[in-house]
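Here is the structure we will look at.
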Amino acid sequence: MKNLSDSRLMLLTGVASVLTAVLLISVKLVAWYLSDSVAMLASLVDSLMDAAASLVNLLAIRYSLVPADAEHRFGHGKAEALAGLGQAVLITLSALFLLNESVGRLLSPQPLEATTLAVGVMVFSIVVTLALLRLQSYTVKRTGSTAVEADSLHYLSDLAMNGGILLALIGASFGLLWLDGLAGVLIGLYVLRAAWQVGHHSSQLLLDREMSADVRQVIASIVAEHPLALGFHQLRTRESGRTCFIQMHVDMDENLTLRDAHDLVESIERRIHEHFPEADVLIHQDPVRVSPKVPLQGPL
């Protein structure tokens, strides 16, 4: 998998997400038809929502990877943030629905169809979801994809939900009917919190929030490495998909030749790309009358 490009890895993960949802829909449909379990029906409906969300996510990933064109000079990376925001809304609605149903079940416990088939299907669902989450975790760590991260959260909530349903099915066989409602409430609160985190992160990307202070400190250190750089100011950063945009003004001696000034900027850009390969860097050269060289300064 290390030989795959980041773009192909993101697409592969998106396809795997859709196929996983289709597989789970198939087995849960059979289990629900044979067991007539309400808990299984709820899990089936959730998987249908997963399939729709994963398909939209895959389309968003493909669109975000389209190179910049005449109408989108900065690329299409924000499609990932839009997909993440949409996922957050969908997850929030699912969590609110789950909380509503779980509180009612907690106040008025009801017997469940705790069949061996239903338990087997839930175990299978958990194993398959864990495998997908492992792939998604690797992809997010390597590419930083917002869309894959949001989809991963969606399946993480499904994993918790499937675990709760499995617990309820097993508990029902021992007469612990209240476990169904309690598990649902705890899962719903967890999913709601996670949905807020994804929604906040996605909205900040759409609003062009500055990158972290650590990133800006790295940029400052790179500029400080060059003896001809007298300082920098107006550093601005933002992210769009996998691309980060870095803009700043670099101060240099006004007596530098055009060639030396150009080489200085090129050198700084190369060092920035070593740390951020997908960066789009724009540096403005500011001539400064100074002798001797002043200490490097630059607001972060």
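By order of appearance in the structure tokens: chains A, B, ..., then residues from 1 within every chain, and ligands from 1 in the order shown.
When the distance limit is 9 Å and only C-alpha atoms are what count, the residues near Leu24 (chain A), minus those fewer than 5 positions from it on the same chain, are Leu19, Leu29, Leu44, Ser47, Leu48, Val121, Phe124, Ser125 and Val128 of chain A.
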Region 39-159 of chain A: residues DSSP assigns to helix (DSSP H, G or I), reported as a PyMOL selection string: chain A and resi 39-64+78-107+116-143+146-159
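Minimum distance to Leu166 (chain A) across A:Gln204, A:Ser64, A:Ser43, A:Ser240 (counting only C-alpha atoms) occurs at A:Ser43.
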Skip Ser137 (chain A) itself and residues of its chain fewer than 5 positions away, then list as a list in words all residues within 10 Å of it, counting only C-alpha atoms.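 Near neighbours after the sequence-gap exclusion: Thr13, Leu132, Arg142, Gly144, Val148, Glu149, Ser152 and Leu153 of chain A.
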Nearest to Asn255 (chain A), chosen from A:Pro277, A:Pro227, A:Pro287, A:Gly184, with only C-alpha atoms counted in the distances: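 Checking each of A:Pro277, A:Pro227, A:Pro287, A:Gly184 against Asn255 (chain A), counting only C-alpha atoms, the winner is A:Pro287.
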Would you compute the distance between CA of Asp280 (chain A) and CA of Gln234 (chain A)? Give it in Å to one decimal.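 That distance, rounded to one decimal, is 16.0 Å.
Coordinates place CA of Val265 (chain A) at a distance of 9.2 Å from CA of Leu282 (chain A).
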Residues at most 12 Å from Ala68 (chain A), counting only C-alpha atoms, excluding those fewer than 4 positions away in the same chain, as a PyMOL selection string? chain A and resi 63-64+72-78+240+243+280
Selection near Ala131 (chain A), 12 Å with only C-alpha atoms, sequence-local residues under 2 positions removed, as a tab-separated table (two decimals) with N, CA and C atoms, in the first residue's frame:
chain	number	residue	atom	x	y	z
A	13	THR	N	-9.92	4.02	-0.53
A	13	THR	CA	-10.62	4.04	0.76
A	13	THR	C	-12.09	4.40	0.58
A	16	ALA	N	-13.82	1.37	-0.83
A	16	ALA	CA	-13.94	0.35	0.22
A	16	ALA	C	-15.09	0.69	1.17
A	17	SER	N	-15.29	1.98	1.44
A	17	SER	CA	-16.37	2.41	2.32
A	17	SER	C	-17.73	2.09	1.70
A	20	THR	N	-18.28	-1.70	1.67
A	20	THR	CA	-18.57	-2.19	3.02
A	20	THR	C	-20.04	-1.94	3.38
A	124	PHE	N	-20.41	-10.07	12.79
A	124	PHE	CA	-19.83	-9.92	11.45
A	124	PHE	C	-19.72	-8.45	11.08
A	125	SER	N	-20.74	-7.67	11.38
A	125	SER	CA	-20.73	-6.24	11.07
A	125	SER	C	-19.60	-5.53	11.81
A	126	ILE	N	-19.40	-5.90	13.06
A	126	ILE	CA	-18.34	-5.27	13.86
A	126	ILE	C	-16.97	-5.58	13.28
A	127	VAL	N	-16.75	-6.82	12.88
A	127	VAL	CA	-15.45	-7.22	12.31
A	127	VAL	C	-15.18	-6.48	11.01
A	128	VAL	N	-16.18	-6.42	10.12
A	128	VAL	CA	-16.01	-5.74	8.83
A	128	VAL	C	-15.78	-4.24	9.04
A	129	THR	N	-16.53	-3.64	9.96
A	129	THR	CA	-16.37	-2.21	10.23
A	129	THR	C	-15.00	-1.90	10.81
A	133	LEU	N	-12.30	0.73	9.33
A	133	LEU	CA	-11.76	1.80	10.16
A	133	LEU	C	-10.24	1.78	10.19
A	134	ARG	N	-9.66	0.61	10.14
A	134	ARG	CA	-8.20	0.49	10.11
A	134	ARG	C	-7.65	1.12	8.83
A	135	LEU	N	-8.30	0.81	7.70
A	135	LEU	CA	-7.88	1.40	6.43
A	135	LEU	C	-8.07	2.91	6.44
A	136	GLN	N	-9.21	3.37	6.94
A	136	GLN	CA	-9.49	4.80	6.99
A	136	GLN	C	-8.51	5.53	7.89
A	137	SER	N	-8.16	4.94	9.02
A	137	SER	CA	-7.21	5.55	9.94
A	137	SER	C	-5.84	5.73	9.27
A	138	TYR	N	-5.42	4.73	8.53
A	138	TYR	CA	-4.14	4.81	7.81
A	138	TYR	C	-4.20	5.92	6.75
A	152	SER	N	-14.88	8.21	8.46
A	152	SER	CA	-14.37	7.32	9.50
A	152	SER	C	-15.15	7.50	10.80
A	155	TYR	N	-18.47	5.71	10.56
A	155	TYR	CA	-18.39	4.26	10.79
A	155	TYR	C	-17.98	3.94	12.22
A	156	LEU	N	-17.25	4.87	12.87
A	156	LEU	CA	-16.93	4.66	14.27
A	156	LEU	C	-18.20	4.71	15.11
A	159	LEU	N	-19.90	1.49	14.62
A	159	LEU	CA	-19.27	0.44	15.41
A	159	LEU	C	-19.82	0.46	16.84
Length of the CA of Glu254 (chain A) to CA of Arg289 (chain A) vector [Å]: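 Between CA of Glu254 (chain A) and CA of Arg289 (chain A) the gap is 5.8 Å.
Restricting the calculation to only C-alpha atoms, the smallest distance between Gln87 (chain A) and any of A:Ile272, A:Leu264, A:Leu99, A:Ala53 is found for A:Ala53.
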DSSP on the backbone, strand (DSSP E) only: what residues of region 76-235 of chain A does that give? Format it as a PyMOL selection string. chain A and resi 229-235
